file model_31.pdb (PDB, C-alpha atoms)
ATOM      1  CA  MET T   1       0.000   0.000   0.000
ATOM      2  CA  ARG T   2       2.833   2.426   0.804
ATOM      3  CA  GLU T   3       4.370   1.761  -2.599
ATOM      4  CA  LEU T   4       1.027   2.458  -4.274
ATOM      5  CA  GLU T   5       0.620   5.705  -2.351
ATOM      6  CA  ARG T   6       4.122   6.789  -3.301
ATOM      7  CA  THR T   7       3.460   5.967  -6.951
ATOM      8  CA  GLN T   8       0.249   7.969  -6.897
ATOM      9  CA  ARG T   9       1.976  10.919  -5.265
ATOM     10  CA  VAL T  10       4.832  10.921  -7.776
ATOM     11  CA  PHE T  11       2.426  10.707 -10.701
ATOM     12  CA  PHE T  12       0.298  13.530  -9.275
ATOM     13  CA  ASP T  13       3.385  15.712  -8.791
ATOM     14  CA  LEU T  14       4.526  15.065 -12.343
ATOM     15  CA  VAL T  15       1.155  15.891 -13.857
ATOM     16  CA  THR T  16       0.125  18.875 -11.750
ATOM     17  CA  ALA T  17       3.379  20.778 -11.144
ATOM     18  CA  ARG T  18       3.361  24.108 -12.979
ATOM     19  CA  GLU T  19       7.148  24.306 -13.342
ATOM     20  CA  GLU T  20       9.026  22.656 -16.166
ATOM     21  CA  LEU T  21       8.970  18.876 -16.065
ATOM     22  CA  VAL T  22      12.739  18.640 -15.854
ATOM     23  CA  ASN T  23      12.651  20.612 -12.592
ATOM     24  CA  VAL T  24      10.145  18.174 -11.145
ATOM     25  CA  LEU T  25      12.274  15.210 -12.164
ATOM     26  CA  LEU T  26      15.366  16.699 -10.563
ATOM     27  CA  GLY T  27      13.573  17.374  -7.271
ATOM     28  CA  PRO T  28      15.043  15.993  -4.037
ATOM     29  CA  GLU T  29      12.477  13.177  -3.645
ATOM     30  CA  GLN T  30      12.274  11.733  -7.110
ATOM     31  CA  GLY T  31      14.331  11.224 -10.207
ATOM     32  CA  ASN T  32      14.302   9.792 -13.704
ATOM     33  CA  ASP T  33      13.916   6.273 -12.345
ATOM     34  CA  ASP T  34      10.450   7.223 -11.119
ATOM     35  CA  LEU T  35       9.423   8.284 -14.593
ATOM     36  CA  ALA T  36      10.784   5.139 -16.216
ATOM     37  CA  ARG T  37       8.984   3.016 -13.648
ATOM     38  CA  LEU T  38       5.691   4.846 -14.018
ATOM     39  CA  VAL T  39       5.481   5.345 -17.763
ATOM     40  CA  ARG T  40       6.239   2.798 -20.444
ATOM     41  CA  GLU T  41       7.950   4.021 -23.550
ATOM     42  CA  ASN T  42       6.941   2.869 -27.002
ATOM     43  CA  ALA T  43       8.131   3.264 -30.562
ATOM     44  CA  THR T  44       6.445   6.612 -31.075
ATOM     45  CA  ALA T  45       6.930   8.406 -27.745
ATOM     46  CA  GLY T  46       9.295   8.326 -24.813
ATOM     47  CA  ALA T  47       8.291   8.462 -21.170
ATOM     48  CA  ARG T  48       8.708  12.228 -20.897
ATOM     49  CA  ASP T  49       6.654  12.842 -24.041
ATOM     50  CA  ARG T  50       3.870  10.651 -22.749
ATOM     51  CA  ILE T  51       3.777  12.301 -19.337
ATOM     52  CA  GLU T  52       3.670  15.704 -21.033
ATOM     53  CA  VAL T  53       0.418  14.597 -22.686
ATOM     54  CA  TYR T  54      -1.095  14.091 -19.239
ATOM     55  CA  ARG T  55       0.256  17.442 -18.066
ATOM     56  CA  ASP T  56      -1.226  19.263 -21.049
ATOM     57  CA  MET T  57      -4.583  17.527 -20.711
ATOM     58  CA  TYR T  58      -4.714  18.270 -16.973
ATOM     59  CA  PHE T  59      -4.317  21.991 -17.591
ATOM     60  CA  LEU T  60      -6.754  21.950 -20.518
ATOM     61  CA  ARG T  61      -9.406  20.190 -18.429
ATOM     62  CA  LEU T  62      -9.093  22.784 -15.676
ATOM     63  CA  ARG T  63      -9.115  25.566 -18.255
ATOM     64  CA  ASP T  64     -12.235  24.149 -19.884
ATOM     65  CA  SER T  65     -13.942  23.796 -16.502
ATOM     66  CA  LEU T  66     -13.284  27.457 -15.672
ATOM     67  CA  ALA T  67     -14.359  28.472 -19.171
ATOM     68  CA  GLU T  68     -17.684  26.699 -18.582
ATOM     69  CA  ASP T  69     -18.139  28.514 -15.264
ATOM     70  CA  PHE T  70     -17.021  31.964 -16.483
ATOM     71  CA  PRO T  71     -17.984  32.211 -20.176
ATOM     72  CA  LYS T  72     -18.755  35.946 -20.010
ATOM     73  CA  VAL T  73     -15.390  36.776 -18.412
ATOM     74  CA  ARG T  74     -13.763  34.775 -21.188
ATOM     75  CA  ALA T  75     -15.769  36.706 -23.772
ATOM     76  CA  VAL T  76     -14.491  39.996 -22.316
ATOM     77  CA  VAL T  77     -10.786  39.126 -22.084
ATOM     78  CA  GLY T  78     -10.614  36.825 -25.127
ATOM     79  CA  ASP T  79      -9.435  33.237 -25.411
ATOM     80  CA  GLU T  80      -5.722  33.999 -25.119
ATOM     81  CA  GLY T  81      -6.211  36.417 -22.234
ATOM     82  CA  PHE T  82      -8.391  33.886 -20.460
ATOM     83  CA  ASP T  83      -5.785  31.129 -20.863
ATOM     84  CA  ASP T  84      -3.133  33.420 -19.364
ATOM     85  CA  LEU T  85      -5.466  34.319 -16.499
ATOM     86  CA  VAL T  86      -6.206  30.657 -15.811
ATOM     87  CA  SER T  87      -2.510  29.740 -15.846
ATOM     88  CA  GLU T  88      -1.707  32.418 -13.264
ATOM     89  CA  PHE T  89      -4.762  31.515 -11.198
ATOM     90  CA  LEU T  90      -3.829  27.817 -11.039
ATOM     91  CA  GLU T  91      -0.275  28.696 -10.079
ATOM     92  CA  ALA T  92      -1.509  30.922  -7.260
ATOM     93  CA  HIS T  93      -4.315  28.562  -6.190
ATOM     94  CA  PRO T  94      -3.536  24.904  -6.889
ATOM     95  CA  PRO T  95      -6.838  23.045  -7.372
ATOM     96  CA  THR T  96      -8.363  20.807  -4.741
ATOM     97  CA  PRO T  97      -9.460  17.269  -5.636
ATOM     98  CA  PHE T  98     -13.016  18.605  -6.029
ATOM     99  CA  LEU T  99     -13.411  20.174  -9.458
ATOM    100  CA  ALA T 100     -16.693  21.843  -8.429
ATOM    101  CA  GLU T 101     -14.744  24.098  -6.033
ATOM    102  CA  LEU T 102     -12.188  25.207  -8.616
ATOM    103  CA  GLY T 103     -13.747  28.580  -9.423
ATOM    104  CA  ALA T 104     -14.645  29.684  -5.884
ATOM    105  CA  ARG T 105     -11.561  31.899  -5.539
ATOM    106  CA  PHE T 106     -11.497  33.071  -9.153
ATOM    107  CA  PRO T 107     -13.517  36.322  -8.690
ATOM    108  CA  ARG T 108     -11.220  37.446  -5.867
ATOM    109  CA  PHE T 109      -8.172  36.596  -7.974
ATOM    110  CA  VAL T 110      -9.531  38.682 -10.860
ATOM    111  CA  SER T 111     -10.198  41.614  -8.509
ATOM    112  CA  GLU T 112      -6.544  41.635  -7.427
ATOM    113  CA  HIS T 113      -4.999  41.043 -10.853
ATOM    114  CA  PRO T 114      -2.832  43.996 -11.984
ATOM    115  CA  ARG T 115      -3.560  43.397 -15.660
ATOM    116  CA  HIS T 116      -7.246  44.146 -15.170
ATOM    117  CA  ARG T 117      -7.056  47.275 -13.032
ATOM    118  CA  ASP T 118      -8.636  49.198 -15.916
ATOM    119  CA  ARG T 119     -11.637  46.882 -15.604
ATOM    120  CA  PRO T 120     -12.584  47.057 -11.915
ATOM    121  CA  TRP T 121     -15.989  45.642 -12.858
ATOM    122  CA  LEU T 122     -14.602  42.389 -14.280
ATOM    123  CA  ALA T 123     -14.419  40.740 -10.855
ATOM    124  CA  GLU T 124     -18.097  41.542 -10.277
ATOM    125  CA  LEU T 125     -18.957  39.890 -13.577
ATOM    126  CA  ALA T 126     -17.037  36.840 -12.344
ATOM    127  CA  SER T 127     -18.940  36.963  -9.029
ATOM    128  CA  LEU T 128     -22.264  36.992 -10.854
ATOM    129  CA  GLU T 129     -21.207  34.002 -12.947
ATOM    130  CA  TRP T 130     -19.983  32.080  -9.897
ATOM    131  CA  ALA T 131     -23.290  32.742  -8.132
ATOM    132  CA  ARG T 132     -25.021  31.136 -11.095
ATOM    133  CA  VAL T 133     -22.773  28.091 -10.762
ATOM    134  CA  ALA T 134     -23.410  27.885  -7.023
ATOM    135  CA  VAL T 135     -27.208  27.935  -7.270
ATOM    136  CA  PHE T 136     -27.153  25.239  -9.942
ATOM    137  CA  ASP T 137     -25.469  22.908  -7.434
ATOM    138  CA  ALA T 138     -27.585  24.021  -4.441
ATOM    139  CA  PRO T 139     -30.166  21.676  -2.843
ATOM    140  CA  ASP T 140     -33.647  21.363  -4.292
ATOM    141  CA  HIS T 141     -36.693  22.485  -2.344
ATOM    142  CA  GLU T 142     -40.415  22.665  -2.950
ATOM    143  CA  VAL T 143     -41.504  26.174  -3.926
ATOM    144  CA  LEU T 144     -44.510  28.108  -2.724
ATOM    145  CA  THR T 145     -47.207  28.211  -5.407
ATOM    146  CA  LEU T 146     -50.348  30.239  -5.892
ATOM    147  CA  GLU T 147     -52.332  27.003  -5.526
ATOM    148  CA  GLU T 148     -50.766  26.447  -2.098
ATOM    149  CA  LEU T 149     -51.590  30.019  -1.100
ATOM    150  CA  ARG T 150     -55.234  29.515  -2.015
ATOM    151  CA  GLY T 151     -55.329  26.634   0.444
ATOM    152  CA  VAL T 152     -54.082  28.711   3.387
ATOM    153  CA  ALA T 153     -56.823  29.626   5.845
ATOM    154  CA  VAL T 154     -57.424  33.361   6.309
ATOM    155  CA  ASP T 155     -56.554  33.257  10.006
ATOM    156  CA  ALA T 156     -53.309  31.390   9.241
ATOM    157  CA  PHE T 157     -52.141  33.694   6.474
ATOM    158  CA  ALA T 158     -50.432  36.145   8.834
ATOM    159  CA  SER T 159     -48.139  33.392  10.166
ATOM    160  CA  LEU T 160     -47.279  32.065   6.700
ATOM    161  CA  PRO T 161     -43.457  31.660   6.582
ATOM    162  CA  ILE T 162     -41.716  33.532   3.763
ATOM    163  CA  ARG T 163     -38.297  31.988   3.091
ATOM    164  CA  LEU T 164     -36.087  31.999   0.033
ATOM    165  CA  VAL T 165     -35.384  28.704  -1.687
ATOM    166  CA  PRO T 166     -31.909  27.289  -0.912
ATOM    167  CA  ALA T 167     -30.947  27.602  -4.592
ATOM    168  CA  SER T 168     -30.807  31.391  -4.448
ATOM    169  CA  ILE T 169     -28.116  34.000  -3.843
ATOM    170  CA  VAL T 170     -28.333  37.785  -3.610
ATOM    171  CA  VAL T 171     -25.352  39.521  -5.229
ATOM    172  CA  ASP T 172     -24.510  43.150  -4.453
ATOM    173  CA  LEU T 173     -23.000  44.932  -7.442
ATOM    174  CA  SER T 174     -21.392  48.333  -7.845
ATOM    175  CA  TRP T 175     -21.401  48.142 -11.648
ATOM    176  CA  SER T 176     -24.087  47.270 -14.171
ATOM    177  CA  VAL T 177     -22.418  43.973 -15.041
ATOM    178  CA  ASP T 178     -25.798  42.237 -15.241
ATOM    179  CA  GLU T 179     -26.334  44.322 -18.377
ATOM    180  CA  VAL T 180     -22.908  43.269 -19.670
ATOM    181  CA  TRP T 181     -23.913  39.638 -19.086
ATOM    182  CA  SER T 182     -27.119  40.157 -21.074
ATOM    183  CA  SER T 183     -25.324  41.960 -23.928
ATOM    184  CA  ILE T 184     -22.851  39.117 -24.323
ATOM    185  CA  GLU T 185     -25.701  36.614 -24.177
ATOM    186  CA  ARG T 186     -27.448  38.473 -27.023
ATOM    187  CA  GLU T 187     -24.133  38.733 -28.933
ATOM    188  CA  GLU T 188     -24.298  42.528 -28.903
ATOM    189  CA  PRO T 189     -21.215  44.812 -29.041
ATOM    190  CA  LEU T 190     -19.608  45.000 -25.628
ATOM    191  CA  GLN T 191     -19.970  48.312 -23.826
ATOM    192  CA  ALA T 192     -18.282  49.162 -20.541
ATOM    193  CA  PRO T 193     -20.734  48.989 -17.623
ATOM    194  CA  ARG T 194     -21.841  51.987 -15.592
ATOM    195  CA  LEU T 195     -20.968  52.610 -11.969
ATOM    196  CA  ASP T 196     -24.523  51.982 -10.783
ATOM    197  CA  PRO T 197     -25.002  50.037  -7.499
ATOM    198  CA  ARG T 198     -27.715  47.408  -7.591
ATOM    199  CA  ARG T 199     -28.775  44.070  -6.160
ATOM    200  CA  VAL T 200     -29.261  40.991  -8.273
ATOM    201  CA  VAL T 201     -30.973  37.812  -7.139
ATOM    202  CA  VAL T 202     -29.752  34.567  -8.705
ATOM    203  CA  TRP T 203     -31.862  31.450  -8.431
ATOM    204  CA  ARG T 204     -32.605  28.096 -10.026
ATOM    205  CA  SER T 205     -36.010  27.160 -11.347
ATOM    206  CA  SER T 206     -36.050  23.453 -12.169
ATOM    207  CA  PHE T 207     -32.865  23.122 -14.291
ATOM    208  CA  ASP T 208     -32.760  26.748 -15.396
ATOM    209  CA  VAL T 209     -30.531  29.309 -13.655
ATOM    210  CA  LEU T 210     -31.940  32.826 -13.715
ATOM    211  CA  HIS T 211     -30.928  36.216 -12.381
ATOM    212  CA  GLU T 212     -32.754  39.498 -12.118
ATOM    213  CA  THR T 213     -32.048  42.983 -10.835
ATOM    214  CA  VAL T 214     -34.443  43.709  -7.985
ATOM    215  CA  SER T 215     -36.174  46.881  -6.855
ATOM    216  CA  PRO T 216     -35.500  48.352  -3.381
ATOM    217  CA  PRO T 217     -38.776  46.900  -1.974
ATOM    218  CA  GLN T 218     -37.886  43.468  -3.365
ATOM    219  CA  ALA T 219     -34.366  43.772  -1.950
ATOM    220  CA  ARG T 220     -35.852  44.456   1.485
ATOM    221  CA  ILE T 221     -38.009  41.341   1.285
ATOM    222  CA  LEU T 222     -35.046  39.298   0.083
ATOM    223  CA  ASP T 223     -33.023  40.394   3.096
ATOM    224  CA  LEU T 224     -35.809  39.499   5.499
ATOM    225  CA  ALA T 225     -36.566  36.174   3.808
ATOM    226  CA  ARG T 226     -33.025  34.800   3.948
ATOM    227  CA  GLY T 227     -32.130  31.994   6.331
ATOM    228  CA  SER T 228     -34.966  31.170   8.686
ATOM    229  CA  GLY T 229     -37.166  33.714   6.916
ATOM    230  CA  VAL T 230     -39.975  35.912   8.156
ATOM    231  CA  THR T 231     -43.752  35.671   8.437
ATOM    232  CA  PHE T 232     -46.132  37.501   6.137
ATOM    233  CA  ASP T 233     -47.413  39.480   9.116
ATOM    234  CA  ALA T 234     -43.876  40.585  10.024
ATOM    235  CA  LEU T 235     -43.250  41.666   6.434
ATOM    236  CA  CYS T 236     -46.333  43.841   6.550
ATOM    237  CA  TYR T 237     -45.297  45.320   9.904
ATOM    238  CA  LYS T 238     -41.811  46.190   8.640
ATOM    239  CA  THR T 239     -43.306  47.722   5.504
ATOM    240  CA  ALA T 240     -45.966  49.782   7.245
ATOM    241  CA  GLU T 241     -43.937  52.960   7.962
ATOM    242  CA  GLY T 242     -46.996  55.129   8.574
ATOM    243  CA  ARG T 243     -49.245  53.245   6.155
ATOM    244  CA  THR T 244     -52.447  51.530   7.128
ATOM    245  CA  PRO T 245     -52.208  47.734   7.631
ATOM    246  CA  GLU T 246     -54.254  47.237   4.485
ATOM    247  CA  ALA T 247     -51.947  49.451   2.416
ATOM    248  CA  ALA T 248     -48.838  47.720   3.794
ATOM    249  CA  ALA T 249     -50.290  44.290   3.020
ATOM    250  CA  ARG T 250     -51.087  45.393  -0.528
ATOM    251  CA  ILE T 251     -47.528  46.662  -1.092
ATOM    252  CA  VAL T 252     -46.043  43.454   0.305
ATOM    253  CA  TRP T 253     -48.255  41.312  -1.877
ATOM    254  CA  GLU T 254     -47.546  43.357  -5.013
ATOM    255  CA  THR T 255     -43.822  42.978  -4.326
ATOM    256  CA  LEU T 256     -43.897  39.385  -3.149
ATOM    257  CA  GLY T 257     -46.287  38.051  -5.772
ATOM    258  CA  PRO T 258     -43.821  38.128  -8.699
ATOM    259  CA  MET T 259     -41.178  36.511  -6.490
ATOM    260  CA  ILE T 260     -43.551  33.644  -5.697
ATOM    261  CA  ALA T 261     -44.446  33.292  -9.375
ATOM    262  CA  ALA T 262     -40.736  33.138 -10.234
ATOM    263  CA  GLY T 263     -40.163  30.237  -7.807
ATOM    264  CA  LEU T 264     -38.066  32.170  -5.288
ATOM    265  CA  VAL T 265     -40.053  31.376  -2.151
ATOM    266  CA  ARG T 266     -39.987  28.068  -0.313
ATOM    267  CA  SER T 267     -43.106  26.088   0.346
ATOM    268  CA  GLY T 268     -44.178  26.415   3.974
ATOM    269  CA  ALA T 269     -45.444  22.831   4.088
ATOM    270  CA  ARG T 270     -42.072  21.157   3.472
TER     271      ARG T 270
END

call {"tool": "encode", "arguments": {"input": "model_31.pdb", "output": "structure tokens"}}
result
Amino acid sequence: MRELERTQRVFFDLVTAREELVNVLLGPEQGNDDLARLVRENATAGARDRIEVYRDMYFLRLRDSLAEDFPKVRAVVGDEGFDDLVSEFLEAHPPTPFLAELGARFPRFVSEHPRHRDRPWLAELASLEWARVAVFDAPDHEVLTLEELRGVAVDAFASLPIRLVPASIVVDLSWSVDEVWSSIEREEPLQAPRLDPRRVVVWRSSFDVLHETVSPPQARILDLARGSGVTFDALCYKTAEGRTPEAAARIVWETLGPMIAAGLVRSGAR
């Protein structure tokens, strides 16, 4: 077993090291004998050539994974610029064994990258894209429907829990990068975003990931409905601000209704 573990470690080091292969081979814990023992040569390729194939494919797989997670960032910086960014990112943040976690630190890396200081909004575009990835992998949950609401007794409506579905994230933006995302999606000419603070909610409906810029009243409900949530009665109370209870309830319903229709609110029964 120890020999197997050592073999696996040596192979992993050879494939994943970002420095030149010769430097890995000349390291203090391994040498050319390791390569000859691990990789069989044939008539068309030697051991080093064959291991380089694995090294190239390892990087390309990670690059492709990040390209799938951040297609709009790639569209902004171009294929070559994205490859350079990925290479530097992987050198600074070696990947974990879990490929799904690879892009978690990418937005922060972009925000600190000196080459993109003239695009301070690029990191926010990456954050929006990563939020979309995160909600796709988030747990499922039954959503509150209009049919379920019709079945709630009048005297129980005030205590109805209002909670966001687990597959939802609220992203605070300083730039209008949601518009950049949409322009790229529609294959329109890229225009630099505006410095225009906003909140965007990202959520999954069935297998579709959606995002939408929310109004201030919707943002307030989103804040209150996170985590353990809030009751309908409490929403009305926090919205009253000098209004009559009837007026507050109407405002809450007009704001909350589209969110329920969009599948953003958890079912209270499950």

call {"tool": "resolve_selection", "arguments": {"input": "model_31.pdb", "expression": "the PyMOL selection byres ((chain T and resi 239-250) around 12)", "output": "PDB file with C-alpha atoms, in the frame of the given file"}}
result
ATOM      1  CA  PHE T 157     -52.141  33.694   6.474  1.00  0.00           C
ATOM      2  CA  ALA T 158     -50.432  36.145   8.834  1.00  0.00           C
ATOM      3  CA  PRO T 216     -35.500  48.352  -3.381  1.00  0.00           C
ATOM      4  CA  PRO T 217     -38.776  46.900  -1.974  1.00  0.00           C
ATOM      5  CA  GLN T 218     -37.886  43.468  -3.365  1.00  0.00           C
ATOM      6  CA  ARG T 220     -35.852  44.456   1.485  1.00  0.00           C
ATOM      7  CA  ILE T 221     -38.009  41.341   1.285  1.00  0.00           C
ATOM      8  CA  LEU T 224     -35.809  39.499   5.499  1.00  0.00           C
ATOM      9  CA  PHE T 232     -46.132  37.501   6.137  1.00  0.00           C
ATOM     10  CA  ASP T 233     -47.413  39.480   9.116  1.00  0.00           C
ATOM     11  CA  ALA T 234     -43.876  40.585  10.024  1.00  0.00           C
ATOM     12  CA  LEU T 235     -43.250  41.666   6.434  1.00  0.00           C
ATOM     13  CA  CYS T 236     -46.333  43.841   6.550  1.00  0.00           C
ATOM     14  CA  TYR T 237     -45.297  45.320   9.904  1.00  0.00           C
ATOM     15  CA  LYS T 238     -41.811  46.190   8.640  1.00  0.00           C
ATOM     16  CA  ILE T 251     -47.528  46.662  -1.092  1.00  0.00           C
ATOM     17  CA  VAL T 252     -46.043  43.454   0.305  1.00  0.00           C
ATOM     18  CA  TRP T 253     -48.255  41.312  -1.877  1.00  0.00           C
ATOM     19  CA  GLU T 254     -47.546  43.357  -5.013  1.00  0.00           C
ATOM     20  CA  THR T 255     -43.822  42.978  -4.326  1.00  0.00           C
ATOM     21  CA  LEU T 256     -43.897  39.385  -3.149  1.00  0.00           C
ATOM     22  CA  GLY T 257     -46.287  38.051  -5.772  1.00  0.00           C
TER      23      GLY T 257
END

call {"tool": "resolve_selection", "arguments": {"input": "model_31.pdb", "expression": "the PyMOL selection byres ((chain T and resi 140-147) around 12)", "output": "NGL selection string"}}
result
:T and (135-139 or 148-152 or 160-168 or 203-207 or 253 or 256-270)

call {"tool": "resolve_selection", "arguments": {"input": "model_31.pdb", "expression": "the PyMOL selection byres ((chain T and resi 51-66) around 8)", "output": "ChimeraX atom specification"}}
result
/T:14-16,21,39,47-50,67-70,83,86,99,102-103

call {"tool": "residues_near_point", "arguments": {"input": "model_31.pdb", "point": "(-15.4, 35.0, -22.6)", "cutoff": "12 Å", "atoms": "only C-alpha atoms", "output": "PDB file with C-alpha atoms, in the frame of the given file"}}
result
ATOM      1  CA  ASP T  64     -12.235  24.149 -19.884  1.00  0.00           C
ATOM      2  CA  LEU T  66     -13.284  27.457 -15.672  1.00  0.00           C
ATOM      3  CA  ALA T  67     -14.359  28.472 -19.171  1.00  0.00           C
ATOM      4  CA  GLU T  68     -17.684  26.699 -18.582  1.00  0.00           C
ATOM      5  CA  ASP T  69     -18.139  28.514 -15.264  1.00  0.00           C
ATOM      6  CA  PHE T  70     -17.021  31.964 -16.483  1.00  0.00           C
ATOM      7  CA  PRO T  71     -17.984  32.211 -20.176  1.00  0.00           C
ATOM      8  CA  LYS T  72     -18.755  35.946 -20.010  1.00  0.00           C
ATOM      9  CA  VAL T  73     -15.390  36.776 -18.412  1.00  0.00           C
ATOM     10  CA  ARG T  74     -13.763  34.775 -21.188  1.00  0.00           C
ATOM     11  CA  ALA T  75     -15.769  36.706 -23.772  1.00  0.00           C
ATOM     12  CA  VAL T  76     -14.491  39.996 -22.316  1.00  0.00           C
ATOM     13  CA  VAL T  77     -10.786  39.126 -22.084  1.00  0.00           C
ATOM     14  CA  GLY T  78     -10.614  36.825 -25.127  1.00  0.00           C
ATOM     15  CA  ASP T  79      -9.435  33.237 -25.411  1.00  0.00           C
ATOM     16  CA  GLU T  80      -5.722  33.999 -25.119  1.00  0.00           C
ATOM     17  CA  GLY T  81      -6.211  36.417 -22.234  1.00  0.00           C
ATOM     18  CA  PHE T  82      -8.391  33.886 -20.460  1.00  0.00           C
ATOM     19  CA  ASP T  83      -5.785  31.129 -20.863  1.00  0.00           C
ATOM     20  CA  LEU T  85      -5.466  34.319 -16.499  1.00  0.00           C
ATOM     21  CA  LEU T 122     -14.602  42.389 -14.280  1.00  0.00           C
ATOM     22  CA  LEU T 125     -18.957  39.890 -13.577  1.00  0.00           C
ATOM     23  CA  ALA T 126     -17.037  36.840 -12.344  1.00  0.00           C
ATOM     24  CA  GLU T 129     -21.207  34.002 -12.947  1.00  0.00           C
ATOM     25  CA  VAL T 180     -22.908  43.269 -19.670  1.00  0.00           C
ATOM     26  CA  TRP T 181     -23.913  39.638 -19.086  1.00  0.00           C
ATOM     27  CA  ILE T 184     -22.851  39.117 -24.323  1.00  0.00           C
ATOM     28  CA  GLU T 185     -25.701  36.614 -24.177  1.00  0.00           C
ATOM     29  CA  GLU T 187     -24.133  38.733 -28.933  1.00  0.00           C
ATOM     30  CA  LEU T 190     -19.608  45.000 -25.628  1.00  0.00           C
TER      31      LEU T 190
END

call {"tool": "atom_distance", "arguments": {"input": "model_31.pdb", "atom1": "CA of Trp130 (chain T)", "atom2": "CA of Ser111 (chain T)"}}
result
13.7 Å

call {"tool": "closest_residue", "arguments": {"input": "model_31.pdb", "among": "T:Phe98, T:Phe106, T:Phe89, T:Trp175", "to": "Trp121 (chain T)", "atoms": "all atoms listed in the file"}}
result
T:Trp175
